[in-house]
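Here is the file input.cif (mmCIF, C-alpha atoms (C1' of nucleotides)).
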data_work
#
loop_
_atom_site.label_atom_id
_atom_site.label_comp_id
_atom_site.auth_asym_id
_atom_site.auth_seq_id
_atom_site.Cartn_x
_atom_site.Cartn_y
_atom_site.Cartn_z
CA MET N 207 -36.12 29.27 -86.66
CA PRO N 208 -35.47 30.11 -83.04
CA LYS N 209 -37.69 30.49 -80.10
CA TYR N 210 -35.40 33.04 -78.50
CA LYS N 211 -33.66 35.94 -80.14
CA GLN N 212 -31.00 34.86 -82.57
CA PHE N 213 -29.23 38.11 -83.12
CA ASP N 214 -26.93 40.01 -80.81
CA LYS N 215 -28.67 43.26 -79.95
CA ASP N 216 -25.38 45.09 -79.51
CA LYS N 217 -24.16 43.97 -82.90
CA VAL N 218 -27.38 45.21 -84.44
CA LEU N 219 -27.14 48.55 -82.68
CA GLU N 220 -23.52 48.89 -83.70
CA ALA N 221 -24.36 48.28 -87.35
CA ALA N 222 -27.35 50.60 -87.19
CA SER N 223 -25.41 53.38 -85.51
CA ASN N 224 -22.78 53.08 -88.23
CA VAL N 225 -25.38 53.69 -90.90
CA PHE N 226 -26.98 56.58 -89.02
CA HIS N 227 -23.50 57.94 -88.45
CA GLU N 228 -22.76 57.84 -92.14
CA LYS N 229 -26.04 59.16 -93.53
CA GLY N 230 -27.91 60.83 -90.70
CA TYR N 231 -31.42 60.01 -89.56
CA ASN N 232 -33.40 61.36 -92.49
CA GLY N 233 -30.77 60.18 -94.93
CA THR N 234 -30.94 56.48 -94.10
CA SER N 235 -33.71 54.14 -95.15
CA ILE N 236 -34.93 51.08 -93.33
CA ASP N 237 -33.70 48.97 -96.23
CA GLU N 238 -30.16 50.21 -95.71
CA ILE N 239 -30.39 49.27 -92.05
CA LEU N 240 -31.72 45.83 -92.92
CA THR N 241 -28.80 45.04 -95.20
CA ALA N 242 -26.30 46.50 -92.73
CA THR N 243 -27.67 44.55 -89.79
CA GLY N 244 -28.71 41.41 -91.66
CA LEU N 245 -32.01 41.53 -89.83
CA SER N 246 -35.33 40.76 -91.40
CA ARG N 247 -37.90 43.49 -91.66
CA SER N 248 -40.22 41.80 -89.22
CA SER N 249 -37.52 41.19 -86.65
CA LEU N 250 -36.46 44.78 -86.72
CA TYR N 251 -39.94 46.14 -86.17
CA ASP N 252 -40.60 43.42 -83.63
CA SER N 253 -37.55 44.20 -81.55
CA PHE N 254 -37.10 47.92 -82.07
CA LYS N 255 -40.62 49.23 -82.63
CA ASP N 256 -39.79 51.65 -85.44
CA LYS N 257 -37.05 53.68 -87.11
CA HIS N 258 -37.15 56.51 -84.66
CA ASN N 259 -36.85 54.23 -81.66
CA LEU N 260 -33.97 52.39 -83.28
CA TYR N 261 -32.26 55.71 -83.85
CA LEU N 262 -32.54 56.65 -80.18
CA GLN N 263 -31.18 53.28 -79.11
CA SER N 264 -28.34 53.64 -81.62
CA LEU N 265 -27.50 57.02 -80.13
CA GLU N 266 -27.40 55.52 -76.64
CA PHE N 267 -25.22 52.67 -77.86
CA TYR N 268 -22.82 55.07 -79.54
CA LYS N 269 -22.70 57.25 -76.44
CA GLU N 270 -21.92 54.28 -74.22
CA SER N 271 -19.15 52.99 -76.44
CA ASN N 272 -17.78 56.52 -76.43
CA ASP N 273 -17.94 56.58 -72.65
CA LYS N 274 -15.89 53.41 -72.55
CA LYS N 275 -13.11 55.07 -74.48
CA PHE N 276 -13.08 57.93 -72.00
CA GLN N 277 -13.08 55.50 -69.11
CA SER N 278 -10.15 53.56 -70.48
CA VAL N 279 -8.19 56.81 -70.53
CA ASP N 280 -9.44 57.65 -67.06
CA GLU N 281 -8.17 54.34 -65.70
CA LYS N 282 -4.60 54.96 -66.82
CA ASN N 283 -2.09 55.87 -64.18
CA LEU N 284 -1.68 59.47 -65.29
CA ASN N 285 -2.36 62.87 -63.88
CA GLY N 286 -5.36 64.79 -65.14
CA PHE N 287 -3.45 66.86 -67.63
CA GLN N 288 -1.81 63.81 -69.15
CA LYS N 289 -5.23 62.21 -69.45
CA LEU N 290 -6.40 65.25 -71.39
CA GLU N 291 -3.40 65.04 -73.68
CA THR N 292 -3.93 61.32 -74.24
CA MET N 293 -7.59 61.79 -74.97
CA PHE N 294 -7.17 64.67 -77.44
CA LYS N 295 -4.32 62.89 -79.16
CA GLY N 296 -6.55 59.86 -79.53
CA VAL N 297 -9.39 61.89 -80.99
CA VAL N 298 -7.17 63.63 -83.51
CA ASN N 299 -5.50 60.37 -84.47
CA HIS N 300 -8.83 58.73 -85.04
CA LEU N 301 -10.08 61.62 -87.15
CA VAL N 302 -6.91 61.64 -89.22
CA GLU N 303 -6.71 57.89 -89.71
CA ASN N 304 -10.39 57.57 -90.62
CA PRO N 305 -10.95 60.42 -93.04
CA ASP N 306 -14.17 58.78 -94.25
CA ASP N 307 -15.57 58.61 -90.74
CA ASN N 308 -18.42 61.07 -90.69
CA GLY N 309 -17.36 63.07 -87.62
CA CYS N 310 -19.21 62.18 -84.44
CA LEU N 311 -22.70 60.70 -84.43
CA LEU N 312 -23.71 62.75 -81.40
CA VAL N 313 -22.53 66.01 -82.95
CA ASN N 314 -24.34 65.12 -86.15
CA ALA N 315 -27.45 64.26 -84.18
CA ALA N 316 -27.24 67.62 -82.42
CA ALA N 317 -27.11 69.36 -85.78
CA GLU N 318 -29.83 67.33 -87.47
CA MET N 319 -32.30 66.40 -84.76
CA SER N 320 -31.89 68.31 -81.51
CA LYS N 321 -34.50 70.92 -82.37
CA GLN N 322 -36.91 68.36 -83.76
CA CYS N 323 -36.73 65.58 -81.20
CA PHE N 324 -36.68 66.17 -77.48
CA LYS N 325 -35.37 62.72 -76.63
CA THR N 326 -32.43 63.18 -78.98
CA SER N 327 -31.62 66.49 -77.35
CA GLN N 328 -31.73 64.79 -73.95
CA VAL N 329 -29.12 62.21 -74.96
CA ILE N 330 -26.92 64.94 -76.37
CA CYS N 331 -27.29 67.19 -73.35
CA ASN N 332 -26.55 64.36 -70.94
CA ASN N 333 -23.45 63.50 -72.91
CA LYS N 334 -22.30 67.10 -72.80
CA ASP N 335 -22.70 67.32 -69.03
CA GLU N 336 -20.99 64.01 -68.41
CA VAL N 337 -17.99 64.75 -70.59
CA GLN N 338 -17.64 68.26 -69.17
CA ASN N 339 -17.66 66.85 -65.65
CA LEU N 340 -15.05 64.28 -66.54
CA PHE N 341 -12.81 66.96 -68.04
CA SER N 342 -13.33 69.18 -65.00
CA SER N 343 -12.32 66.35 -62.69
CA TRP N 344 -9.15 65.76 -64.71
CA ILE N 345 -8.32 69.44 -64.48
CA SER N 346 -8.96 69.54 -60.76
CA ASP N 347 -6.66 66.57 -60.40
CA ALA N 348 -3.92 68.30 -62.35
CA GLU N 349 -4.34 71.40 -60.22
CA GLN N 350 -4.21 69.42 -57.02
CA LYS N 351 -1.04 67.70 -58.16
CA LYS N 352 0.42 71.13 -59.00
CA VAL N 353 0.76 70.21 -62.66
CA LEU N 354 -1.42 73.17 -63.54
CA LYS N 355 -1.93 76.51 -61.92
CA LEU N 356 -5.33 77.85 -62.96
CA ASN N 357 -6.89 81.24 -62.60
CA LYS N 358 -10.44 80.09 -63.22
CA PRO N 359 -12.57 77.31 -61.69
CA ALA N 360 -11.99 73.84 -63.14
CA LYS N 361 -15.62 73.65 -64.27
CA ILE N 362 -15.10 76.50 -66.69
CA TYR N 363 -12.16 74.77 -68.30
CA GLY N 364 -14.27 71.64 -68.60
CA GLN N 365 -16.81 73.62 -70.60
CA PHE N 366 -14.08 75.14 -72.72
CA LEU N 367 -12.45 71.83 -73.51
CA TYR N 368 -15.74 70.22 -74.40
CA ASN N 369 -16.32 73.10 -76.78
CA THR N 370 -12.89 72.46 -78.28
CA LEU N 371 -13.76 68.80 -78.74
CA CYS N 372 -17.02 69.60 -80.54
CA GLY N 373 -15.14 72.02 -82.74
CA LEU N 374 -12.64 69.35 -83.74
CA ARG N 375 -15.42 67.08 -84.89
CA VAL N 376 -16.87 69.80 -87.09
CA MET N 377 -13.47 70.89 -88.40
CA SER N 378 -12.64 67.36 -89.48
CA GLN N 379 -15.83 67.40 -91.52
CA SER N 380 -14.84 70.74 -93.01
CA GLY N 381 -11.64 69.58 -94.62
CA ALA N 382 -9.19 70.26 -91.80
CA GLY N 383 -6.05 68.14 -91.88
CA LYS N 384 -3.77 66.68 -89.28
CA THR N 385 -1.60 69.72 -88.55
CA GLU N 386 -4.63 71.96 -88.34
CA LEU N 387 -6.30 69.74 -85.77
CA ASN N 388 -3.06 69.36 -83.84
CA ASN N 389 -2.61 73.12 -83.78
CA VAL N 390 -6.05 73.54 -82.27
CA VAL N 391 -5.34 70.99 -79.56
CA LYS N 392 -1.98 72.56 -78.81
CA VAL N 393 -3.42 76.04 -78.30
CA ALA N 394 -6.29 74.68 -76.23
CA LEU N 395 -4.05 72.70 -73.90
CA ASP N 396 -1.47 75.49 -73.66
CA SER N 397 -4.23 77.81 -72.54
CA LEU N 398 -4.53 75.85 -69.30
CA ASN N 399 -1.28 77.32 -68.03
CA MET B 109 -48.55 86.41 -115.45
CA PRO B 110 -45.36 88.27 -116.10
CA LYS B 111 -42.88 88.22 -118.85
CA TYR B 112 -39.94 88.74 -116.51
CA LYS B 113 -39.32 87.12 -113.20
CA GLN B 114 -41.71 88.30 -110.56
CA PHE B 115 -39.96 87.12 -107.45
CA ASP B 116 -36.84 88.40 -105.75
CA LYS B 117 -34.25 85.66 -105.99
CA ASP B 118 -32.59 86.74 -102.75
CA LYS B 119 -35.88 86.64 -100.87
CA VAL B 120 -36.49 83.14 -102.18
CA LEU B 121 -33.01 81.98 -101.20
CA GLU B 122 -33.41 83.54 -97.79
CA ALA B 123 -36.69 81.72 -97.19
CA ALA B 124 -35.28 78.47 -98.56
CA SER B 125 -32.15 78.69 -96.45
CA ASN B 126 -34.32 79.25 -93.40
CA VAL B 127 -36.18 76.01 -94.04
CA PHE B 128 -32.98 74.06 -94.74
CA HIS B 129 -31.52 75.63 -91.63
CA GLU B 130 -34.44 74.43 -89.55
CA LYS B 131 -34.89 70.93 -90.93
CA GLY B 132 -31.73 70.02 -92.81
CA TYR B 133 -31.50 68.86 -96.41
CA ASN B 134 -33.09 65.44 -96.13
CA GLY B 135 -35.62 66.69 -93.59
CA THR B 136 -37.24 69.32 -95.79
CA SER B 137 -39.65 68.59 -98.59
CA ILE B 138 -40.19 70.62 -101.71
CA ASP B 139 -43.71 71.37 -100.52
CA GLU B 140 -42.35 73.02 -97.38
CA ILE B 141 -40.08 75.16 -99.52
CA LEU B 142 -42.96 76.12 -101.78
CA THR B 143 -45.09 77.37 -98.91
CA ALA B 144 -42.12 79.14 -97.29
CA THR B 145 -41.11 80.90 -100.48
CA GLY B 146 -44.57 81.36 -101.95
CA LEU B 147 -43.22 80.11 -105.24
CA SER B 148 -45.09 77.81 -107.55
CA ARG B 149 -43.73 74.38 -108.26
CA SER B 150 -42.96 75.18 -111.86
CA SER B 151 -41.21 78.43 -111.04
CA LEU B 152 -38.98 76.74 -108.55
CA TYR B 153 -37.87 73.99 -110.91
CA ASP B 154 -37.60 76.48 -113.72
CA SER B 155 -35.34 78.83 -111.80
CA PHE B 156 -33.42 76.49 -109.53
CA LYS B 157 -33.25 73.23 -111.47
CA ASP B 158 -33.91 70.91 -108.52
CA LYS B 159 -33.81 70.54 -104.76
CA HIS B 160 -30.13 69.81 -104.56
CA ASN B 161 -29.20 72.82 -106.62
CA LEU B 162 -31.47 75.04 -104.54
CA TYR B 163 -29.75 73.72 -101.43
CA LEU B 164 -26.32 74.64 -102.75
CA GLN B 165 -27.51 78.12 -103.68
CA SER B 166 -29.08 78.49 -100.26
CA LEU B 167 -25.78 77.56 -98.66
CA GLU B 168 -23.99 80.16 -100.73
CA PHE B 169 -26.59 82.76 -99.84
CA TYR B 170 -26.27 81.96 -96.15
CA LYS B 171 -22.49 82.08 -96.35
CA GLU B 172 -22.55 85.47 -98.02
CA SER B 173 -24.94 86.99 -95.52
CA ASN B 174 -22.65 85.60 -92.84
CA ASP B 175 -19.68 87.20 -94.54
CA LYS B 176 -21.45 90.54 -94.41
CA LYS B 177 -21.77 90.31 -90.65
CA PHE B 178 -18.04 89.64 -90.37
CA GLN B 179 -17.29 92.52 -92.71
CA SER B 180 -19.40 94.94 -90.71
CA VAL B 181 -17.31 94.06 -87.67
CA ASP B 182 -14.14 94.37 -89.71
CA GLU B 183 -15.08 97.88 -90.82
CA LYS B 184 -15.37 99.16 -87.26
CA ASN B 185 -12.58 101.36 -86.00
CA LEU B 186 -11.22 98.81 -83.55
CA ASN B 187 -8.03 96.88 -83.11
CA GLY B 188 -8.00 93.22 -84.07
CA PHE B 189 -8.56 91.94 -80.56
CA GLN B 190 -11.55 94.19 -80.05
CA LYS B 191 -12.96 92.95 -83.33
CA LEU B 192 -12.67 89.40 -82.05
CA GLU B 193 -14.41 90.35 -78.82
CA THR B 194 -17.19 92.11 -80.71
CA MET B 195 -17.68 89.22 -83.06
CA PHE B 196 -17.81 86.51 -80.39
CA LYS B 197 -20.10 88.62 -78.23
CA GLY B 198 -22.39 89.01 -81.22
CA VAL B 199 -22.43 85.29 -81.91
CA VAL B 200 -23.22 84.38 -78.32
CA ASN B 201 -25.89 87.08 -78.09
CA HIS B 202 -27.54 85.79 -81.22
CA LEU B 203 -27.47 82.20 -79.99
CA VAL B 204 -28.89 83.20 -76.62
CA GLU B 205 -31.59 85.49 -77.98
CA ASN B 206 -32.71 83.00 -80.61
CA PRO B 207 -32.89 79.70 -78.76
CA ASP B 208 -35.03 78.21 -81.52
CA ASP B 209 -32.47 79.05 -84.15
CA ASN B 210 -31.06 75.76 -85.27
CA GLY B 211 -27.37 76.56 -84.82
CA CYS B 212 -25.52 77.42 -88.01
CA LEU B 213 -26.60 76.20 -91.43
CA LEU B 214 -23.02 75.67 -92.54
CA VAL B 215 -22.15 73.60 -89.47
CA ASN B 216 -25.30 71.56 -89.95
CA ALA B 217 -24.46 71.10 -93.61
CA ALA B 218 -20.98 69.91 -92.62
CA ALA B 219 -22.54 67.33 -90.32
CA GLU B 220 -25.27 66.16 -92.66
CA MET B 221 -23.85 66.46 -96.15
CA SER B 222 -20.12 67.01 -96.34
CA LYS B 223 -19.32 63.34 -96.81
CA GLN B 224 -22.12 62.82 -99.29
CA CYS B 225 -21.83 65.88 -101.49
CA PHE B 226 -18.55 67.25 -102.74
CA LYS B 227 -19.96 70.65 -103.66
CA THR B 228 -21.34 71.09 -100.17
CA SER B 229 -17.96 70.24 -98.70
CA GLN B 230 -16.38 72.81 -100.99
CA VAL B 231 -18.61 75.60 -99.72
CA ILE B 232 -17.89 74.60 -96.15
CA CYS B 233 -14.16 74.31 -96.68
CA ASN B 234 -13.98 77.68 -98.41
CA ASN B 235 -15.89 79.26 -95.55
CA LYS B 236 -13.51 77.72 -93.05
CA ASP B 237 -10.44 79.05 -94.84
CA GLU B 238 -11.90 82.52 -95.28
CA VAL B 239 -12.98 82.90 -91.68
CA GLN B 240 -9.69 81.55 -90.39
CA ASN B 241 -7.81 84.03 -92.53
CA LEU B 242 -9.95 86.89 -91.29
CA PHE B 243 -9.34 85.89 -87.68
CA SER B 244 -5.61 85.55 -88.34
CA SER B 245 -5.49 89.03 -89.83
CA TRP B 246 -7.26 90.44 -86.75
CA ILE B 247 -4.77 88.71 -84.51
CA SER B 248 -1.82 89.99 -86.52
CA ASP B 249 -3.26 93.46 -86.25
CA ALA B 250 -3.56 93.15 -82.48
CA GLU B 251 0.01 91.92 -82.28
CA GLN B 252 1.30 94.74 -84.43
CA LYS B 253 -0.49 97.26 -82.25
CA LYS B 254 1.05 95.59 -79.17
CA VAL B 255 -2.37 94.70 -77.81
CA LEU B 256 -1.35 91.06 -77.78
CA LYS B 257 1.98 89.34 -77.32
CA LEU B 258 1.79 85.94 -78.94
CA ASN B 259 4.09 82.96 -78.75
CA LYS B 260 2.68 81.22 -81.80
CA PRO B 261 2.06 82.36 -85.39
CA ALA B 262 -1.18 84.27 -85.92
CA LYS B 263 -2.39 81.63 -88.38
CA ILE B 264 -2.50 79.01 -85.65
CA TYR B 265 -4.67 81.20 -83.47
CA GLY B 266 -6.97 81.74 -86.42
CA GLN B 267 -7.43 77.99 -86.67
CA PHE B 268 -8.00 77.73 -82.96
CA LEU B 269 -10.59 80.49 -82.87
CA TYR B 270 -12.46 79.06 -85.83
CA ASN B 271 -12.56 75.77 -83.96
CA THR B 272 -13.95 77.61 -80.93
CA LEU B 273 -16.61 79.20 -83.09
CA CYS B 274 -17.72 75.84 -84.54
CA GLY B 275 -17.85 74.45 -81.04
CA LEU B 276 -20.14 77.24 -79.87
CA ARG B 277 -22.60 76.43 -82.61
CA VAL B 278 -22.72 72.80 -81.57
CA MET B 279 -22.88 73.60 -77.86
CA SER B 280 -25.87 75.87 -78.35
CA GLN B 281 -27.64 72.93 -79.99
CA SER B 282 -26.67 70.73 -77.06
CA GLY B 283 -28.47 72.71 -74.42
CA ALA B 284 -25.70 75.10 -73.38
CA GLY B 285 -26.91 78.36 -71.85
CA LYS B 286 -25.65 81.91 -71.84
CA THR B 287 -23.08 81.64 -69.05
CA GLU B 288 -21.68 78.43 -70.48
CA LEU B 289 -21.14 79.99 -73.88
CA ASN B 290 -19.68 83.14 -72.33
CA ASN B 291 -17.29 81.04 -70.28
CA VAL B 292 -16.03 79.34 -73.40
CA VAL B 293 -15.45 82.64 -75.17
CA LYS B 294 -13.70 84.07 -72.13
CA VAL B 295 -11.23 81.19 -71.87
CA ALA B 296 -10.61 81.22 -75.61
CA LEU B 297 -9.88 84.95 -75.73
CA ASP B 298 -7.84 84.91 -72.52
CA SER B 299 -5.66 82.21 -74.08
CA LEU B 300 -4.35 84.76 -76.57
CA ASN B 301 -2.30 86.44 -73.88
"C1'" DA W 8 -43.98 13.22 -81.88
"C1'" DA W 9 -47.03 16.78 -81.37
"C1'" DA W 10 -48.42 21.07 -79.69
"C1'" DA W 11 -46.97 25.72 -78.62
"C1'" DC W 12 -44.32 29.41 -79.62
"C1'" DA W 13 -41.18 32.96 -81.52
"C1'" DT W 14 -38.82 34.41 -85.58
"C1'" DC W 15 -38.33 35.19 -90.29
"C1'" DG W 16 -39.02 36.23 -95.52
"C1'" DG W 17 -41.29 38.70 -98.46
"C1'" DA W 18 -45.39 40.46 -100.44
"C1'" DA W 19 -48.73 44.20 -99.68
"C1'" DT W 20 -50.18 48.79 -98.20
"C1'" DG W 21 -50.49 53.45 -98.14
"C1'" DA W 22 -48.44 57.68 -97.61
"C1'" DA W 23 -44.86 60.93 -98.91
"C1'" DT W 24 -41.64 62.24 -102.11
"C1'" DA W 25 -39.16 64.76 -106.22
"C1'" DT W 26 -39.96 65.86 -110.66
"C1'" DT W 27 -42.42 66.61 -115.21
"C1'" DC W 28 -45.90 68.49 -118.06
"C1'" DC W 29 -49.52 71.29 -120.06
"C1'" DA W 30 -52.81 74.68 -120.42
"C1'" DA W 31 -54.09 79.22 -118.60
"C1'" DA W 32 -52.65 83.82 -117.46
"C1'" DT W 33 -50.13 87.93 -118.12
"C1'" DT W 34 -47.11 91.24 -120.00
"C1'" DA W 35 -44.02 93.18 -123.72
"C1'" DT W 36 -43.42 93.99 -128.41
"C1'" DT W 37 -45.02 94.81 -133.00
"C1'" DA C 135 -55.19 94.59 -131.50
"C1'" DA C 136 -52.40 90.64 -132.23
"C1'" DT C 137 -48.49 87.98 -131.62
"C1'" DA C 138 -44.59 86.42 -128.96
"C1'" DA C 139 -42.57 85.37 -124.72
"C1'" DT C 140 -42.59 83.77 -120.16
"C1'" DT C 141 -44.39 82.52 -115.77
"C1'" DT C 142 -47.55 80.02 -113.12
"C1'" DG C 143 -51.15 76.68 -111.02
"C1'" DG C 144 -52.16 72.38 -110.51
"C1'" DA C 145 -52.81 67.81 -112.15
"C1'" DA C 146 -50.09 63.69 -113.23
"C1'" DT C 147 -46.18 60.43 -112.73
"C1'" DA C 148 -43.16 57.46 -110.93
"C1'" DT C 149 -40.18 56.48 -106.94
"C1'" DT C 150 -39.16 55.73 -102.57
"C1'" DC C 151 -40.33 55.17 -98.08
"C1'" DA C 152 -41.96 53.30 -93.34
"C1'" DT C 153 -44.86 50.09 -91.68
"C1'" DT C 154 -48.08 46.02 -91.46
"C1'" DC C 155 -49.32 41.39 -92.14
"C1'" DC C 156 -49.34 36.47 -92.93
"C1'" DG C 157 -47.74 32.08 -93.96
"C1'" DA C 158 -43.57 29.28 -93.50
"C1'" DT C 159 -39.75 27.80 -90.72
"C1'" DG C 160 -37.59 26.27 -87.06
"C1'" DT C 161 -37.10 25.40 -81.78
"C1'" DT C 162 -38.61 24.32 -77.27
"C1'" DT C 163 -41.66 22.01 -74.25
"C1'" DT C 164 -44.83 18.45 -73.04
#
Kindly present the structure from the file in C-alpha cells form.
Amino acid sequence: MPKYKQFDKDKVLEAASNVFHEKGYNGTSIDEILTATGLSRSSLYDSFKDKHNLYLQSLEFYKESNDKKFQSVDEKNLNGFQKLETMFKGVVNHLVENPDDNGCLLVNAAAEMSKQCFKTSQVICNNKDEVQNLFSSWISDAEQKKVLKLNKPAKIYGQFLYNTLCGLRVMSQSGAGKTELNNVVKVALDSLN
Amino acid sequence: MPKYKQFDKDKVLEAASNVFHEKGYNGTSIDEILTATGLSRSSLYDSFKDKHNLYLQSLEFYKESNDKKFQSVDEKNLNGFQKLETMFKGVVNHLVENPDDNGCLLVNAAAEMSKQCFKTSQVICNNKDEVQNLFSSWISDAEQKKVLKLNKPAKIYGQFLYNTLCGLRVMSQSGAGKTELNNVVKVALDSLN
DNA sequence: AAAACATCGGAATGAATATTCCAAATTATT
DNA sequence: AATAATTTGGAATATTCATTCCGATGTTTT
C-alpha cells in the first residue's frame, strides 16, 4: 500500500478515545481498538508504540477537543456569568441527550488510573488547573462588569465550580436525571450571588 | 481443615474491597485478591461464586461501612447544619490524611462499571438516593431550628450537596490539596444561607 | 521498469487470566 | 474409633490478552 501514512491520526485517536471512554483502560482490548479504528495490528503498534501510549494520546486528544468546546463558549459575546450558564447548560444537555455516554473520559481516567499512572494523573491535573483558571477568569469578568458581587476571591469560585462539574459527571453515571442535574447547576450558580 | 467456615466473611470482603478500591474491577486479578484475603482459590469460588459476584458483595460491604460513618454523625447531638459541617470536614480530613487512598470505591465503580453492569449501577443509584435523603433531612432540621433560611426545597439542596461530595472524591484524585478541598466545602456550605 | 521503502494482514508467541477439579486435611457426629 | 461433612491447596484447563514478526502489497523515486 502506501509509502506515507494512510490513516488520519486524529480519526484514529477519536475512535480509540471513544472505546476507552466506554470501557476504561483495563476494560478494552487491543482487538476492540483495531475494529473501532479500522487499523491493522502492525500499523497500530508501529504508530502508537503500545496500548498504554495510545491511551495517553487518546486522553490528550479528548482533553483538547474538550478545550475547544470551552473556547467556543469563551469566544461568545457574553459576560462571564452568562458564559458559565451557557457552559453548564451545554454539559447538562449533553449528559441528558446522550444517556449512554459514559460520563467524562478524564473523570473516568482519574478514577481508574490516576493512582497507577503518573502521566495520566498529569493530564488530569493539568486539565483541572486549566478549567479552574478559565472559570475564575469568567467570574472575575462578571465581577468587573458588576454582574456579580462576590465575597470571596474569584479563584475560590473557580475551584468550587470545577468541583460541581466533576460531580455532575459522576451523578449522570449514578442514575441522575435531567431535573436533578439542573437543580444542582441552579444551586451552584445561585451561590455566586 | 474445618467443618465450618474458618474465615470471617466481613474480613474477606473488607480486604477484597480494598483491592478493588485500589485497582478497580478490571485491574485486579483473582491472585491479588487471594493474597490480600489469605483465602484459598477453592474457598473463594466456593463462598463467592466468582469474581463479579465478589465485586458486587464488596461494593455492598463498602457502602454499608460508609453508611455507618454517616449514621455516627447523624447520632451526634447537633443540628442538621452542624452535622453537614462535621461530615464534610471528616471527608476532607480523610482525603488529605490518606493521599494514597484511591478516592471512593463507589465513585470509581460508577466510572468504571455503571454502564456495563446493571447491578453495579443499582448499588450506586441506591447509595445516591440514600445519601441525598439523609442530607435533605439534615437541611430540613436546620431550617426547622431556624439555623438556615432557605429559598429552595430541602430536597434540592440534598442533591446539590451530594453532587459536591462526588466532586470532592474526583478532585482528590486529580491532585487537589487540602486548601482546595476546604475552599470547595466552604463555598458549598455558605451557599445554604 | 526496477529498486527502495513504508504499510498492512495475519499467523505466532508467550504471558496472564478466570475458573474447575480432585485429593488431602480436619473437624463434628455417631 | 469410624464415618460423614466440609474446607483447602495446588495442579490443570481453557481463554484471552498484548505484543512481535514476516511475507505480501502497494507507492514513490530513480
Picked residues, the PyMOL selection byres ((chain B) within 6 of (chain N)), as a PDB file with C-alpha atoms, in the coordinates of the input:
ATOM      1  CA  ASN B 134     -33.090  65.440 -96.130  1.00  0.00           C
ATOM      2  CA  GLY B 135     -35.620  66.690 -93.590  1.00  0.00           C
ATOM      3  CA  ASN B 216     -25.300  71.560 -89.950  1.00  0.00           C
ATOM      4  CA  ALA B 218     -20.980  69.910 -92.620  1.00  0.00           C
ATOM      5  CA  ALA B 219     -22.540  67.330 -90.320  1.00  0.00           C
ATOM      6  CA  ILE B 232     -17.890  74.600 -96.150  1.00  0.00           C
ATOM      7  CA  CYS B 233     -14.160  74.310 -96.680  1.00  0.00           C
ATOM      8  CA  PHE B 268      -8.000  77.730 -82.960  1.00  0.00           C
ATOM      9  CA  ASN B 271     -12.560  75.770 -83.960  1.00  0.00           C
ATOM     10  CA  THR B 272     -13.950  77.610 -80.930  1.00  0.00           C
ATOM     11  CA  CYS B 274     -17.720  75.840 -84.540  1.00  0.00           C
ATOM     12  CA  GLY B 275     -17.850  74.450 -81.040  1.00  0.00           C
ATOM     13  CA  GLN B 281     -27.640  72.930 -79.990  1.00  0.00           C
ATOM     14  CA  SER B 282     -26.670  70.730 -77.060  1.00  0.00           C
ATOM     15  CA  GLY B 283     -28.470  72.710 -74.420  1.00  0.00           C
ATOM     16  CA  VAL B 292     -16.030  79.340 -73.400  1.00  0.00           C
ATOM     17  CA  SER B 299      -5.660  82.210 -74.080  1.00  0.00           C
TER      18      SER B 299
END
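With only C-alpha atoms (C1' of nucleotides) taken into account, every residue lying no more than 9 Å from the file point (-41.1, 68.4, -101.2) is included here: Thr136, Ser137, Ile138, Asp139, Glu140, Ile141, Leu142 and Lys159 of chain B; DA23, DT24 and DA25 of chain W.
Across the structure, atom CA of Asn224 of chain N and atom CA of Glu336 of chain N are spaced 22.7 Å apart.
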Residue hits in chain C, query chain B, radius 8 Å, only C-alpha atoms (C1' of nucleotides), as an NGL selection string: :C and (139-143)
Export, as a PDB file, keeping the file's coordinate frame, the selected residues with C-alpha atoms (C1' of nucleotides).
ATOM      1  C1'  DA C 139     -42.570  85.370-124.720  1.00  0.00           C
ATOM      2  C1'  DT C 140     -42.590  83.770-120.160  1.00  0.00           C
ATOM      3  C1'  DT C 141     -44.390  82.520-115.770  1.00  0.00           C
ATOM      4  C1'  DT C 142     -47.550  80.020-113.120  1.00  0.00           C
ATOM      5  C1'  DG C 143     -51.150  76.680-111.020  1.00  0.00           C
TER       6       DG C 143
END
Residues of chain W within 8 Å of chain N, counting all atoms listed in the file, as JSON, numbers by chain: {"W": [12, 13, 14, 15, 16]}
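One finds atom CA of Leu186 of chain B at 22.6 Å from atom CA of Asn259 of chain B.
The coordinates place atom CA of Lys176 of chain B at 15.9 Å from atom CA of Leu121 of chain B.
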Axis-aligned box for all listed atoms of segment 119-126 of chain B, 6 Å per side, centre and edges in Å to one decimal, as JSON:
{"center_x": -34.4, "center_y": 82.6, "center_z": -97.8, "size_x": 16.5, "size_y": 20.2, "size_z": 20.8}
Output check: residues returned by the PyMOL selection byres ((chain C and resi 135) around 12), as a ChimeraX atom specification: /W:37 /C:136-137
Contacts of Met293 of chain N within 8 Å, all atoms listed in the file, excl. fewer than 3 positions in-chain, as a PyMOL selection string: chain N and resi 276+279+289-290+296-297
Selection: 12 Å around DA146 of chain C, only C-alpha atoms (C1' of nucleotides), excl. self and same-chain fewer than 5 positions, as JSON, numbers by chain: {"W": [26, 27, 28, 29]}
To test your reading of the syntax: which residues would the PyMOL selection byres ((chain C and resi 156) around 12) return for the file shown? Reply as a PyMOL selection string. (chain N and resi 248) or (chain W and resi 15-19) or (chain C and resi 154-155+157-158)
Please provide the set of residues having any atom within 6 Å of segment 246-252 of chain B, restricted to only C-alpha atoms (C1' of nucleotides), with same-chain residues fewer than 6 positions apart removed, written as a PDB file with C-alpha atoms, in the coordinates of the input.
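selection20.pdb, written as the output of this step:
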ATOM      1  CA  ASN B 187      -8.030  96.880 -83.110  1.00  0.00           C
ATOM      2  CA  GLY B 188      -8.000  93.220 -84.070  1.00  0.00           C
ATOM      3  CA  PHE B 189      -8.560  91.940 -80.560  1.00  0.00           C
ATOM      4  CA  ALA B 262      -1.180  84.270 -85.920  1.00  0.00           C
TER       5      ALA B 262
END
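Summary of the local environment: counting all atoms listed in the file, residues at most 9 Å from Leu162 of chain B, other than itself and those fewer than 6 positions away along its chain, are Leu121, Ala124, Ser125, Leu152 and Phe156 of chain B.
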Pull C-alpha atoms from the residues just selected and write them as a PDB file, keeping the file's coordinate frame.
ATOM      1  CA  LEU B 121     -33.010  81.980-101.200  1.00  0.00           C
ATOM      2  CA  ALA B 124     -35.280  78.470 -98.560  1.00  0.00           C
ATOM      3  CA  SER B 125     -32.150  78.690 -96.450  1.00  0.00           C
ATOM      4  CA  LEU B 152     -38.980  76.740-108.550  1.00  0.00           C
ATOM      5  CA  PHE B 156     -33.420  76.490-109.530  1.00  0.00           C
TER       6      PHE B 156
END
